[in-house]
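Peer 1: File protein.txt below, compact mmCIF, C-alpha atoms and all ligand atoms:
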```txt
# COMPACT_ATOMS: atom_id res chain seq x y z
CA MET A 1269 46.59 -3.42 71.14
CA TYR A 1270 44.14 -1.14 69.31
CA ALA A 1271 45.43 0.74 66.27
CA THR A 1272 46.48 4.29 67.18
CA MET A 1273 45.08 5.55 63.89
CA ILE A 1274 43.31 4.21 60.81
CA TRP A 1275 43.46 5.90 57.40
CA GLU A 1276 40.46 5.10 55.26
CA LYS A 1277 38.92 6.81 52.25
CA GLY A 1278 40.76 10.06 52.84
CA GLU A 1279 39.83 10.34 56.52
CA LEU A 1280 41.90 9.62 59.61
CA ALA A 1281 40.29 7.90 62.58
CA VAL A 1282 42.40 8.42 65.71
CA LEU A 1283 42.02 6.45 68.91
CA ASP A 1284 41.03 9.11 71.49
CA GLN A 1285 43.78 8.70 74.10
CA THR A 1286 42.20 11.29 76.40
CA LYS A 1287 39.37 8.80 77.03
CA LEU A 1288 41.54 5.73 77.74
CA PRO A 1289 41.40 3.49 79.67
CA GLU A 1290 37.73 4.19 80.45
CA LYS A 1291 36.47 4.28 76.86
CA THR A 1292 37.81 3.01 73.55
CA VAL A 1293 36.54 5.48 70.99
CA TYR A 1294 37.84 6.69 67.65
CA ILE A 1295 37.49 10.27 66.43
CA THR A 1296 37.03 10.70 62.70
CA CYS A 1297 39.17 13.56 61.43
CA ASP A 1298 37.90 14.64 58.01
CA THR A 1299 40.07 17.75 57.66
CA SER A 1300 43.73 18.55 58.27
CA ARG A 1301 42.58 21.13 60.85
CA ARG A 1302 40.77 18.45 62.83
CA VAL A 1303 43.97 16.38 62.90
CA LYS A 1304 45.84 19.45 64.16
CA GLU A 1305 43.23 19.82 66.90
CA ALA A 1306 43.58 16.12 67.81
CA ILE A 1307 47.35 16.61 68.14
CA GLN A 1308 46.93 19.74 70.27
CA LYS A 1309 44.40 18.11 72.57
CA LEU A 1310 46.58 14.95 72.91
CA GLU A 1311 43.80 12.81 71.46
CA VAL A 1312 46.68 11.43 69.43
CA ARG A 1313 50.04 11.80 71.18
CA GLY A 1314 53.57 10.47 71.44
CA ALA A 1315 56.17 11.79 69.01
CA PRO A 1316 56.06 9.01 66.35
CA ALA A 1317 52.23 8.80 66.38
CA ILE A 1318 51.97 12.57 66.01
CA GLY A 1319 54.36 12.40 63.04
CA ALA A 1320 52.33 9.71 61.26
CA ALA A 1321 49.00 11.47 61.94
CA ALA A 1322 50.42 14.70 60.55
CA ALA A 1323 51.64 12.88 57.43
CA PHE A 1324 48.07 11.73 56.71
CA ALA A 1325 46.85 15.27 57.52
CA MET A 1326 49.20 16.60 54.82
CA VAL A 1327 47.49 14.32 52.30
CA MET A 1328 44.12 15.80 53.36
CA GLY A 1329 45.63 19.27 53.29
CA ALA A 1330 46.85 18.76 49.72
CA GLU A 1331 43.32 17.86 48.62
CA GLU A 1332 41.95 20.85 50.52
CA VAL A 1333 44.20 23.39 48.79
CA ALA A 1334 44.17 21.90 45.26
CA GLY A 1335 44.26 24.58 42.55
CA SER A 1336 46.09 27.86 42.15
CA ASN A 1337 49.11 28.65 44.37
CA PHE A 1338 49.04 25.03 45.50
CA LEU A 1339 52.55 24.86 46.98
CA GLU A 1340 52.20 28.17 48.79
CA LYS A 1341 48.94 27.01 50.37
CA LEU A 1342 50.34 23.56 51.17
CA ALA A 1343 53.29 25.22 52.95
CA LYS A 1344 50.74 27.03 55.13
CA VAL A 1345 49.01 23.73 55.97
CA ARG A 1346 52.44 22.26 56.82
CA ASP A 1347 53.46 25.16 59.07
CA ASP A 1348 50.08 25.20 60.77
CA LEU A 1349 50.34 21.48 61.56
CA ILE A 1350 53.93 21.89 62.83
CA SER A 1351 52.79 24.65 65.20
CA ALA A 1352 50.42 22.20 66.97
CA ARG A 1353 53.17 20.85 69.25
CA PRO A 1354 56.64 22.37 69.14
CA THR A 1355 58.85 19.80 70.92
CA ALA A 1356 58.12 16.48 69.17
CA VAL A 1357 60.36 16.74 66.11
CA ASN A 1358 58.72 13.80 64.32
CA LEU A 1359 55.84 16.20 63.58
CA ALA A 1360 58.00 18.65 61.59
CA TRP A 1361 59.99 15.76 60.09
CA ALA A 1362 56.86 14.11 58.66
CA CYS A 1363 55.26 17.37 57.46
CA HIS A 1364 58.43 18.42 55.59
CA LYS A 1365 58.77 14.95 54.07
CA LEU A 1366 55.22 15.12 52.66
CA TYR A 1367 55.56 18.73 51.52
CA ASN A 1368 58.79 17.94 49.68
CA ILE A 1369 57.05 15.24 47.66
CA ALA A 1370 54.72 17.90 46.29
CA ALA A 1371 57.47 20.49 45.93
CA THR A 1372 59.73 18.18 43.91
CA ALA A 1373 57.04 16.55 41.75
CA GLU A 1374 57.61 16.82 38.01
CA PRO A 1375 55.28 19.49 36.53
CA SER A 1376 53.61 16.95 34.24
CA LEU A 1377 52.37 14.84 37.17
CA THR A 1378 48.59 14.67 37.52
CA PHE A 1379 47.08 15.73 40.82
CA ASP A 1380 45.63 12.26 41.44
CA ILE A 1381 49.05 10.66 41.09
CA LEU A 1382 50.59 13.27 43.38
CA ILE A 1383 47.98 12.50 46.05
CA LYS A 1384 48.68 8.79 45.62
CA ARG A 1385 52.42 9.43 46.08
CA MET A 1386 51.79 11.46 49.21
CA GLU A 1387 49.46 8.81 50.57
CA ASP A 1388 52.09 6.10 49.92
CA ALA A 1389 54.67 8.22 51.75
CA ALA A 1390 52.35 8.63 54.75
CA TYR A 1391 51.76 4.87 54.82
CA LYS A 1392 55.50 4.34 54.62
CA ILE A 1393 56.07 6.56 57.67
CA TYR A 1394 53.41 4.54 59.48
CA ASN A 1395 54.79 1.11 58.49
CA ASP A 1396 58.43 2.08 58.94
CA ASP A 1397 57.64 3.18 62.48
CA ILE A 1398 56.35 -0.27 63.43
CA ARG A 1399 59.34 -1.94 61.78
CA THR A 1400 61.89 0.35 63.47
CA ASN A 1401 60.21 -0.09 66.85
CA LYS A 1402 60.59 -3.87 66.58
CA LYS A 1403 64.23 -3.48 65.63
CA MET A 1404 64.78 -1.19 68.63
CA GLY A 1405 63.03 -3.75 70.78
CA GLU A 1406 65.58 -6.40 69.77
CA TYR A 1407 68.59 -4.16 70.42
CA GLY A 1408 67.19 -2.79 73.67
CA ALA A 1409 66.20 -6.17 75.12
CA GLU A 1410 69.86 -7.21 74.98
CA LEU A 1411 70.72 -4.42 77.41
CA LEU A 1412 68.41 -5.69 80.14
CA PRO A 1413 69.57 -8.24 82.70
CA HIS A 1414 67.56 -11.39 83.49
CA ASN A 1415 64.69 -10.77 85.90
CA ALA A 1416 64.96 -7.10 85.09
CA LYS A 1417 63.21 -4.46 87.15
CA VAL A 1418 62.72 -1.49 84.86
CA ILE A 1419 61.32 1.97 85.47
CA THR A 1420 59.68 4.03 82.72
CA HIS A 1421 58.09 7.46 82.44
CA CYS A 1422 55.10 8.72 80.44
CA ASN A 1423 53.86 6.39 77.69
CA ALA A 1424 56.27 5.39 74.96
CA GLY A 1425 54.29 2.35 73.92
CA ALA A 1426 52.16 1.13 71.04
CA LEU A 1427 49.79 4.02 71.73
CA ALA A 1428 52.53 6.63 71.32
CA THR A 1429 53.65 5.14 68.00
CA CYS A 1430 52.13 3.28 65.07
CA GLY A 1431 52.51 0.01 66.99
CA TRP A 1432 54.82 -1.89 69.38
CA GLY A 1433 56.42 1.20 71.00
CA THR A 1434 59.87 2.60 71.70
CA ALA A 1435 60.61 2.27 75.45
CA LEU A 1436 57.66 -0.11 75.91
CA GLY A 1437 58.75 -1.86 72.71
CA VAL A 1438 62.05 -2.69 74.41
CA ILE A 1439 60.12 -3.90 77.44
CA ARG A 1440 57.72 -5.94 75.23
CA SER A 1441 60.64 -7.61 73.42
CA ALA A 1442 62.43 -8.33 76.71
CA HIS A 1443 59.20 -9.75 78.16
CA LYS A 1444 58.88 -12.13 75.19
CA GLN A 1445 62.33 -13.40 76.14
CA GLY A 1446 61.17 -13.92 79.75
CA LYS A 1447 63.48 -11.21 81.04
CA ILE A 1448 61.06 -8.83 82.80
CA SER A 1449 60.44 -9.22 86.52
CA MET A 1450 58.66 -5.89 87.02
CA VAL A 1451 57.98 -2.61 85.24
CA TYR A 1452 57.57 0.44 87.49
CA ALA A 1453 55.42 3.02 85.72
CA ASP A 1454 55.58 6.67 86.80
CA GLU A 1455 52.06 8.11 86.77
CA THR A 1456 53.35 11.18 84.83
CA ARG A 1457 51.59 14.29 86.05
CA PRO A 1458 49.78 16.32 84.90
CA LEU A 1459 48.03 14.30 82.16
CA LEU A 1460 48.79 10.86 83.60
CA GLN A 1461 50.00 9.09 80.46
CA GLY A 1462 51.81 6.60 82.72
CA ALA A 1463 48.85 5.82 84.98
CA ARG A 1464 46.28 5.77 82.19
CA LEU A 1465 48.14 4.46 79.15
CA THR A 1466 51.33 2.62 80.14
CA VAL A 1467 49.55 0.66 82.87
CA TYR A 1468 46.71 -0.12 80.45
CA GLU A 1469 49.06 -1.39 77.74
CA LEU A 1470 51.13 -3.53 80.08
CA LEU A 1471 48.15 -5.05 81.89
CA LYS A 1472 46.54 -5.85 78.54
CA GLU A 1473 49.64 -7.85 77.58
CA LYS A 1474 50.07 -9.41 81.01
CA ILE A 1475 53.45 -7.75 81.57
CA PRO A 1476 53.97 -7.24 85.34
CA VAL A 1477 53.52 -3.57 86.19
CA THR A 1478 53.47 -1.49 89.38
CA LEU A 1479 52.19 2.07 89.34
CA ILE A 1480 54.00 4.77 91.35
CA THR A 1481 53.64 8.54 91.49
CA ASP A 1482 56.43 10.59 89.94
CA SER A 1483 57.66 11.70 93.35
CA MET A 1484 58.17 8.07 94.40
CA ALA A 1485 60.65 7.25 91.62
CA ALA A 1486 63.96 7.97 93.40
CA TRP A 1487 62.93 6.10 96.54
CA THR A 1488 61.47 3.17 94.60
CA ILE A 1489 64.67 2.74 92.57
CA ARG A 1490 66.52 2.40 95.87
CA GLN A 1491 63.97 0.29 97.78
CA LYS A 1492 63.09 -2.13 94.98
CA GLY A 1493 66.53 -2.51 93.44
CA ILE A 1494 65.49 -1.28 90.01
CA ASP A 1495 68.09 -2.21 87.36
CA CYS A 1496 67.62 0.55 84.80
CA ALA A 1497 65.30 3.16 83.31
CA VAL A 1498 64.06 3.08 79.71
CA VAL A 1499 62.11 6.06 78.37
CA GLY A 1500 61.17 7.51 74.99
CA ALA A 1501 62.12 10.85 73.43
CA ASP A 1502 60.54 13.77 71.62
CA ARG A 1503 63.68 15.34 70.19
CA ILE A 1504 67.38 14.45 70.42
CA ALA A 1505 70.09 16.99 69.64
CA LEU A 1506 73.39 16.21 67.89
CA ASN A 1507 75.24 16.02 71.22
CA GLY A 1508 72.69 13.57 72.72
CA ASP A 1509 70.73 16.06 74.87
CA THR A 1510 67.22 14.61 74.90
CA ALA A 1511 63.78 16.17 75.34
CA ASN A 1512 61.09 13.93 76.76
CA LYS A 1513 58.01 14.24 78.98
CA ILE A 1514 58.44 16.52 81.99
CA GLY A 1515 59.88 14.51 84.87
CA THR A 1516 62.33 12.56 82.71
CA TYR A 1517 65.28 14.74 83.75
CA GLY A 1518 64.51 14.14 87.43
CA LEU A 1519 64.31 10.40 86.80
CA ALA A 1520 67.71 10.49 85.03
CA LEU A 1521 69.22 12.33 88.01
CA ALA A 1522 67.80 9.72 90.37
CA CYS A 1523 69.29 6.93 88.21
CA ARG A 1524 72.69 8.62 88.27
CA ALA A 1525 72.53 9.03 92.06
CA GLN A 1526 71.67 5.32 92.44
CA GLY A 1527 74.30 4.24 89.91
CA ILE A 1528 71.89 2.55 87.46
CA PRO A 1529 71.82 3.08 83.67
CA PHE A 1530 69.32 5.45 82.12
CA TYR A 1531 68.42 4.55 78.51
CA ILE A 1532 66.52 6.42 75.79
CA ALA A 1533 64.71 4.43 73.08
CA ALA A 1534 63.93 6.45 69.95
CA PRO A 1535 63.88 6.00 66.17
CA SER A 1536 66.19 8.04 63.92
CA SER A 1537 63.17 10.23 63.03
CA THR A 1538 63.34 11.68 66.58
CA PHE A 1539 66.84 13.11 66.04
CA ASP A 1540 67.02 16.77 65.13
CA PHE A 1541 70.15 17.11 63.02
CA THR A 1542 69.83 20.90 63.09
CA ALA A 1543 69.93 21.09 66.91
CA GLN A 1544 73.43 21.19 68.33
CA SER A 1545 72.34 20.80 71.96
CA ALA A 1546 69.58 21.49 74.52
CA LYS A 1547 69.63 25.21 73.76
CA ASP A 1548 68.20 24.52 70.28
CA ILE A 1549 65.24 22.45 71.52
CA PRO A 1550 61.92 24.31 71.97
CA ILE A 1551 59.93 23.30 75.04
CA GLU A 1552 56.15 23.27 74.78
CA LEU A 1553 54.43 25.28 77.50
CA ARG A 1554 50.87 24.16 78.09
CA ASP A 1555 47.85 25.73 79.74
CA GLY A 1556 48.27 25.91 83.53
CA GLU A 1557 44.70 24.66 83.95
CA GLU A 1558 46.16 21.18 83.34
CA ILE A 1559 48.05 21.27 86.65
CA LYS A 1560 45.26 22.93 88.61
CA ARG A 1561 42.96 20.01 87.93
CA ILE A 1562 42.78 16.27 88.32
CA GLY A 1563 40.47 15.21 85.53
CA GLU A 1564 37.76 17.85 85.44
CA LYS A 1565 38.04 18.71 89.12
CA LEU A 1566 39.78 21.92 90.20
CA ILE A 1567 42.13 21.08 93.09
CA THR A 1568 43.77 24.47 93.70
CA PRO A 1569 42.63 28.02 94.49
CA ALA A 1570 41.46 29.12 91.03
CA GLU A 1571 43.70 32.21 90.94
CA VAL A 1572 47.07 30.45 91.53
CA GLN A 1573 49.87 31.26 89.10
CA THR A 1574 51.22 28.22 87.22
CA TYR A 1575 54.19 27.07 85.14
CA ASN A 1576 53.48 24.02 82.99
CA PRO A 1577 56.36 22.93 80.74
CA SER A 1578 55.26 19.75 78.99
CA PHE A 1579 58.82 18.47 78.44
CA ASP A 1580 62.28 18.74 79.97
CA ILE A 1581 65.73 18.03 78.62
CA THR A 1582 68.02 15.37 80.01
CA PRO A 1583 71.66 16.32 79.44
CA ALA A 1584 73.61 13.77 77.40
CA GLU A 1585 76.00 13.04 80.28
CA LEU A 1586 73.16 11.36 82.22
CA ILE A 1587 72.32 8.97 79.36
CA ALA A 1588 73.98 5.53 79.22
CA GLY A 1589 72.75 4.65 75.74
CA ILE A 1590 70.25 5.63 73.02
CA ILE A 1591 68.48 2.62 71.53
CA THR A 1592 67.73 3.19 67.83
CA GLU A 1593 66.84 1.00 64.85
CA PHE A 1594 70.52 1.22 63.90
CA GLY A 1595 71.69 -0.24 67.22
CA VAL A 1596 72.51 1.19 70.65
CA LEU A 1597 74.37 4.50 70.49
CA LYS A 1598 76.90 4.96 73.26
CA PRO A 1599 78.66 8.08 74.56
CA PRO A 1600 80.29 10.18 73.30
CA PHE A 1601 77.03 10.80 71.43
CA GLY A 1602 78.50 13.44 69.12
CA GLU A 1603 80.41 10.60 67.47
CA SER A 1604 77.86 7.79 67.69
CA ILE A 1605 75.03 10.01 66.38
CA ALA A 1606 77.22 11.09 63.44
CA GLN A 1607 77.97 7.39 62.72
CA MET A 1608 74.24 6.54 62.78
CA ARG A 1609 73.50 9.48 60.48
CA ALA A 1610 76.03 8.20 57.97
CA LYS A 1611 74.13 4.89 57.78
CA MET A 1612 70.74 6.55 57.23
CA PRO A 1613 69.25 6.37 53.70
O1 LIG B 1701 52.75 14.78 75.68
P1 LIG B 1701 52.92 13.41 75.10
O2 LIG B 1701 52.03 12.39 75.72
O3 LIG B 1701 52.83 13.43 73.59
O4 LIG B 1701 54.40 13.01 75.46
C1 LIG B 1701 54.91 11.81 75.01
C2 LIG B 1701 56.30 11.54 75.45
O5 LIG B 1701 56.94 12.33 76.08
C3 LIG B 1701 56.90 10.25 74.97
O6 LIG B 1701 57.81 9.75 75.89
C4 LIG B 1701 57.64 10.50 73.64
O7 LIG B 1701 56.82 11.19 72.73
C5 LIG B 1701 58.11 9.24 73.04
S1 LIG B 1701 56.77 8.26 72.46
C6 LIG B 1701 57.39 6.88 71.72
```
Would you put the structure from the file into structure tokens?
Peer 2:
Amino acid sequence: MYATMIWEKGELAVLDQTKLPEKTVYITCDTSRRVKEAIQKLEVRGAPAIGAAAAFAMVMGAEEVAGSNFLEKLAKVRDDLISARPTAVNLAWACHKLYNIAATAEPSLTFDILIKRMEDAAYKIYNDDIRTNKKMGEYGAELLPHNAKVITHCNAGALATCGWGTALGVIRSAHKQGKISMVYADETRPLLQGARLTVYELLKEKIPVTLITDSMAAWTIRQKGIDCAVVGADRIALNGDTANKIGTYGLALACRAQGIPFYIAAPSSTFDFTAQSAKDIPIELRDGEEIKRIGEKLITPAEVQTYNPSFDITPAELIAGIITEFGVLKPPFGESIAQMRAKMP
């Protein structure tokens, strides 16, 4: 799989995911503002990938605001980056991590060494993400039966992370063990991350995949005897309520109605330890033009009113397990999340 992003000589090249699968092109971001724009436009997307891109943007931002009132200006860069997409908590998590390195640096530290420290921290976020994804893959694969038929939503694969993937990482690991019979990929309206990106990733790795529209999920689970759902997450509250791409909640309801388990795969960086429950999770509302169009083509009367939440929240009671790098968390999530937190460095 192509690298989601490449950091070189102080610039971040991001694989333009709005062009996939038609074109494989990288956009060179030479300012922190350009990275913010890439995040807003979904050129780089998926909670862990957004977090890593923002970490590198903080390094650029630090260089941009070097000089007087450095920390004050760096805090502005941080807050500006965080505002790019409000639901994916990895974004704020990474920006705060990088800011805190500058804020806690000893006064005698030279600027060059500070930048080096920040760069090392950004690389660490990037490398840790790949490592944790592989760990999650091992834990998650154990949950799947032999000849598993799995349904997934959106794209929680190598493209949404720094490599391997969360939900697709579980599927990749299970496939390596010969356990996957079929992956059903929801197309994921309106921006089609399932149809464009999940299908692309799975075909590239010769993992059997069947594309369905979102509205076909409930019926397909029933007709095809799907065993379970595995999806990613953008933010998980302390009680297990989980935000993910719009349509995830409906899929979880369909799984409950059919009596099959619904799993979340997410690294510990996707947990928001300040959010008690769904009520504390902000939901990104995007421009309604996205649902009035397929690609560039307008498909509705131009004047129609729209509502375009980019994410929904699946209540904890619909979730059978949350696959993390610390193992599979089981309900009651209040307890299992607290236990995971106690193990975190
Ligand atoms: O709007 P997107 O494409 O950034 O949404 C992505 C998702 O909802 C993913 O499922 C989530 O970020 C997990 S990615 C490992």
Peer 1: For a quick check of understanding, using only C-alpha atoms, which of A:Met1326, A:Glu1331, A:Ala1424, A:Arg1561 has the smallest distance to Asn1368 (chain A)?
Peer 2: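 Checking each of A:Met1326, A:Glu1331, A:Ala1424, A:Arg1561 against Asn1368 (chain A), counting only C-alpha atoms, the winner is A:Met1326.
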Peer 1: Taking all atoms listed in the file and a cut-off of 8 Å, can you tell me which residues surround ligand LIG 1701 (chain B), written as a ChimeraX atom specification?
Peer 2: /A:1310,1312-1318,1356,1421-1426,1428-1429,1433-1435,1459,1461,1499-1502,1511-1514,1533-1534,1578-1579
Peer 1: Which residue out of A:Pro1375, A:Glu1593, A:Cys1430, A:Val1345 has the minimum interatomic distance to Ile1274 (chain A) when only C-alpha atoms are used?
Peer 2: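 Looking only at the distances to Ile1274 (chain A), the closest residue turns out to be A:Cys1430.
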Peer 1: Distance CA of Leu1465 (chain A)-CA of Lys1277 (chain A), one decimal place?
Peer 2: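 Result for CA of Leu1465 (chain A) versus CA of Lys1277 (chain A): 28.5 Å, one decimal.
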Peer 1: So that I can see what lies close to Val1303 (chain A), please list as a PyMOL selection string the residues with an atom at most 12 Å from it, counting all atoms listed in the file and leaving out residues fewer than 4 positions away in the same chain.
Peer 2: chain A and resi 1273+1275+1279-1284+1295-1299+1307-1313+1317-1329+1345-1346+1348-1350+1352+1359
Peer 1: Keeping only C-alpha atoms, write the selected residues to a file as a PDB file, in the frame of the given file.
Peer 2:
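And here's selection_24.pdb as it stands now:
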```
ATOM      1  CA  MET A1273      45.080   5.550  63.890  1.00  0.00           C
ATOM      2  CA  TRP A1275      43.460   5.900  57.400  1.00  0.00           C
ATOM      3  CA  GLU A1279      39.830  10.340  56.520  1.00  0.00           C
ATOM      4  CA  LEU A1280      41.900   9.620  59.610  1.00  0.00           C
ATOM      5  CA  ALA A1281      40.290   7.900  62.580  1.00  0.00           C
ATOM      6  CA  VAL A1282      42.400   8.420  65.710  1.00  0.00           C
ATOM      7  CA  LEU A1283      42.020   6.450  68.910  1.00  0.00           C
ATOM      8  CA  ASP A1284      41.030   9.110  71.490  1.00  0.00           C
ATOM      9  CA  ILE A1295      37.490  10.270  66.430  1.00  0.00           C
ATOM     10  CA  THR A1296      37.030  10.700  62.700  1.00  0.00           C
ATOM     11  CA  CYS A1297      39.170  13.560  61.430  1.00  0.00           C
ATOM     12  CA  ASP A1298      37.900  14.640  58.010  1.00  0.00           C
ATOM     13  CA  THR A1299      40.070  17.750  57.660  1.00  0.00           C
ATOM     14  CA  ILE A1307      47.350  16.610  68.140  1.00  0.00           C
ATOM     15  CA  GLN A1308      46.930  19.740  70.270  1.00  0.00           C
ATOM     16  CA  LYS A1309      44.400  18.110  72.570  1.00  0.00           C
ATOM     17  CA  LEU A1310      46.580  14.950  72.910  1.00  0.00           C
ATOM     18  CA  GLU A1311      43.800  12.810  71.460  1.00  0.00           C
ATOM     19  CA  VAL A1312      46.680  11.430  69.430  1.00  0.00           C
ATOM     20  CA  ARG A1313      50.040  11.800  71.180  1.00  0.00           C
ATOM     21  CA  ALA A1317      52.230   8.800  66.380  1.00  0.00           C
ATOM     22  CA  ILE A1318      51.970  12.570  66.010  1.00  0.00           C
ATOM     23  CA  GLY A1319      54.360  12.400  63.040  1.00  0.00           C
ATOM     24  CA  ALA A1320      52.330   9.710  61.260  1.00  0.00           C
ATOM     25  CA  ALA A1321      49.000  11.470  61.940  1.00  0.00           C
ATOM     26  CA  ALA A1322      50.420  14.700  60.550  1.00  0.00           C
ATOM     27  CA  ALA A1323      51.640  12.880  57.430  1.00  0.00           C
ATOM     28  CA  PHE A1324      48.070  11.730  56.710  1.00  0.00           C
ATOM     29  CA  ALA A1325      46.850  15.270  57.520  1.00  0.00           C
ATOM     30  CA  MET A1326      49.200  16.600  54.820  1.00  0.00           C
ATOM     31  CA  VAL A1327      47.490  14.320  52.300  1.00  0.00           C
ATOM     32  CA  MET A1328      44.120  15.800  53.360  1.00  0.00           C
ATOM     33  CA  GLY A1329      45.630  19.270  53.290  1.00  0.00           C
ATOM     34  CA  VAL A1345      49.010  23.730  55.970  1.00  0.00           C
ATOM     35  CA  ARG A1346      52.440  22.260  56.820  1.00  0.00           C
ATOM     36  CA  ASP A1348      50.080  25.200  60.770  1.00  0.00           C
ATOM     37  CA  LEU A1349      50.340  21.480  61.560  1.00  0.00           C
ATOM     38  CA  ILE A1350      53.930  21.890  62.830  1.00  0.00           C
ATOM     39  CA  ALA A1352      50.420  22.200  66.970  1.00  0.00           C
ATOM     40  CA  LEU A1359      55.840  16.200  63.580  1.00  0.00           C
TER      41      LEU A1359
END
```
Peer 1: Between CA of Ala1486 (chain A) and CA of Gly1515 (chain A), what distance in Å does the model show, to one decimal?
Peer 2: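 Answer for the CA of Ala1486 (chain A) to CA of Gly1515 (chain A) separation: 11.5 Å.
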Peer 1: Emit as AutoDock Vina command-line options the padded axis-aligned box for all listed atoms of region 1548-1567 of chain A, 6 Å per side, with centre and edge lengths in Å to one decimal.
Peer 2:
```
--center_x 53.0 --center_y 20.6 --center_z 81.7 --size_x 42.4 --size_y 22.7 --size_z 34.8
```
Peer 1: Closest to Thr1516 (chain A) among A:Glu1473, A:Asp1548, A:Asp1482, A:Glu1557, using all atoms listed in the file?
Peer 2: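 For Thr1516 (chain A), the nearest of the candidates is A:Asp1482.
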Peer 1: Go through A:Asn1401, A:Ser1376, A:Thr1355, A:Thr1272 and flag the residue nearest Ala1546 (chain A), using only C-alpha atoms for the distances.
Peer 2: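 Looking at the shortest contact to Ala1546 (chain A), the residue is A:Thr1355.
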Peer 1: With a distance cut-off of 8 Å and all atoms listed in the file, select the neighbouring residues of Ala1584 (chain A), excluding the residue or stretch itself and same-chain residues fewer than 4 positions from it, and output the selection as a PyMOL selection string.
Peer 2: chain A and resi 1507-1510+1601
Peer 1: Kindly export the residues of the current selection with C-alpha atoms, as a PDB file, in the coordinates of the input.
Peer 2:
```
ATOM      1  CA  ASN A1507      75.240  16.020  71.220  1.00  0.00           C
ATOM      2  CA  GLY A1508      72.690  13.570  72.720  1.00  0.00           C
ATOM      3  CA  ASP A1509      70.730  16.060  74.870  1.00  0.00           C
ATOM      4  CA  THR A1510      67.220  14.610  74.900  1.00  0.00           C
ATOM      5  CA  PHE A1601      77.030  10.800  71.430  1.00  0.00           C
TER       6      PHE A1601
END
```
Peer 1: Tell me, as a PyMOL selection string, which residues lie within 10 Å of Tyr1468 (chain A), counting all atoms listed in the file; anything in the same chain fewer than 3 positions away does not count.
Peer 2: chain A and resi 1269+1288-1290+1461-1465+1471-1474+1477
Peer 1: Quick check, in Å to one decimal: how far apart do CA of Tyr1391 (chain A) and CA of Glu1410 (chain A) lie?
Peer 2: 29.7 Å
Peer 1: From the options A:Tyr1270, A:Tyr1367, A:Trp1432, A:Phe1594, which residue's atoms come nearest to Ser1536 (chain A), counting all atoms listed in the file?
Peer 2: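 Once distances to Ser1536 (chain A) are computed over all atoms listed in the file, the minimum belongs to A:Phe1594.
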Peer 1: Between A:Thr1488, A:Ser1449, A:Gln1285, A:Ser1441, which one has atoms that come closest to Leu1427 (chain A), using all atoms listed in the file?
Peer 2: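 Looking at the shortest contact to Leu1427 (chain A), the residue is A:Gln1285.
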Peer 1: Missing atoms in region 1576-1587 of chain A: fill them in up to N, CA and C atoms and send the result as a PDB file, in the coordinates of the input.
Peer 2:
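File written: result-v1.pdb
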```
ATOM      1  N   ASN A1576      53.798  25.378  83.434  1.00  0.00           N
ATOM      2  CA  ASN A1576      53.480  24.020  82.990  1.00  0.00           C
ATOM      3  C   ASN A1576      54.261  23.607  81.747  1.00  0.00           C
ATOM      4  N   PRO A1577      55.611  23.438  81.898  1.00  0.00           N
ATOM      5  CA  PRO A1577      56.360  22.930  80.740  1.00  0.00           C
ATOM      6  C   PRO A1577      55.994  21.465  80.514  1.00  0.00           C
ATOM      7  N   SER A1578      55.723  21.102  79.266  1.00  0.00           N
ATOM      8  CA  SER A1578      55.260  19.750  78.990  1.00  0.00           C
ATOM      9  C   SER A1578      56.437  18.762  78.860  1.00  0.00           C
ATOM     10  N   PHE A1579      57.638  19.309  78.640  1.00  0.00           N
ATOM     11  CA  PHE A1579      58.820  18.470  78.440  1.00  0.00           C
ATOM     12  C   PHE A1579      59.998  19.044  79.218  1.00  0.00           C
ATOM     13  N   ASP A1580      61.007  18.222  79.445  1.00  0.00           N
ATOM     14  CA  ASP A1580      62.280  18.740  79.970  1.00  0.00           C
ATOM     15  C   ASP A1580      63.390  18.123  79.126  1.00  0.00           C
ATOM     16  N   ILE A1581      64.609  18.540  79.411  1.00  0.00           N
ATOM     17  CA  ILE A1581      65.730  18.030  78.620  1.00  0.00           C
ATOM     18  C   ILE A1581      66.731  17.362  79.543  1.00  0.00           C
ATOM     19  N   THR A1582      67.021  16.115  79.245  1.00  0.00           N
ATOM     20  CA  THR A1582      68.020  15.370  80.010  1.00  0.00           C
ATOM     21  C   THR A1582      69.371  15.571  79.321  1.00  0.00           C
ATOM     22  N   PRO A1583      70.356  16.119  80.069  1.00  0.00           N
ATOM     23  CA  PRO A1583      71.660  16.320  79.440  1.00  0.00           C
ATOM     24  C   PRO A1583      72.298  14.987  79.066  1.00  0.00           C
ATOM     25  N   ALA A1584      73.026  14.999  77.944  1.00  0.00           N
ATOM     26  CA  ALA A1584      73.610  13.770  77.400  1.00  0.00           C
ATOM     27  C   ALA A1584      74.440  13.014  78.428  1.00  0.00           C
ATOM     28  N   GLU A1585      75.098  13.739  79.350  1.00  0.00           N
ATOM     29  CA  GLU A1585      76.000  13.040  80.280  1.00  0.00           C
ATOM     30  C   GLU A1585      75.256  12.130  81.264  1.00  0.00           C
ATOM     31  N   LEU A1586      73.925  12.260  81.337  1.00  0.00           N
ATOM     32  CA  LEU A1586      73.160  11.360  82.220  1.00  0.00           C
ATOM     33  C   LEU A1586      72.646  10.119  81.488  1.00  0.00           C
ATOM     34  N   ILE A1587      72.909  10.051  80.184  1.00  0.00           N
ATOM     35  CA  ILE A1587      72.320   8.970  79.360  1.00  0.00           C
ATOM     36  C   ILE A1587      73.371   7.880  79.080  1.00  0.00           C
TER      37      ILE A1587
END
```
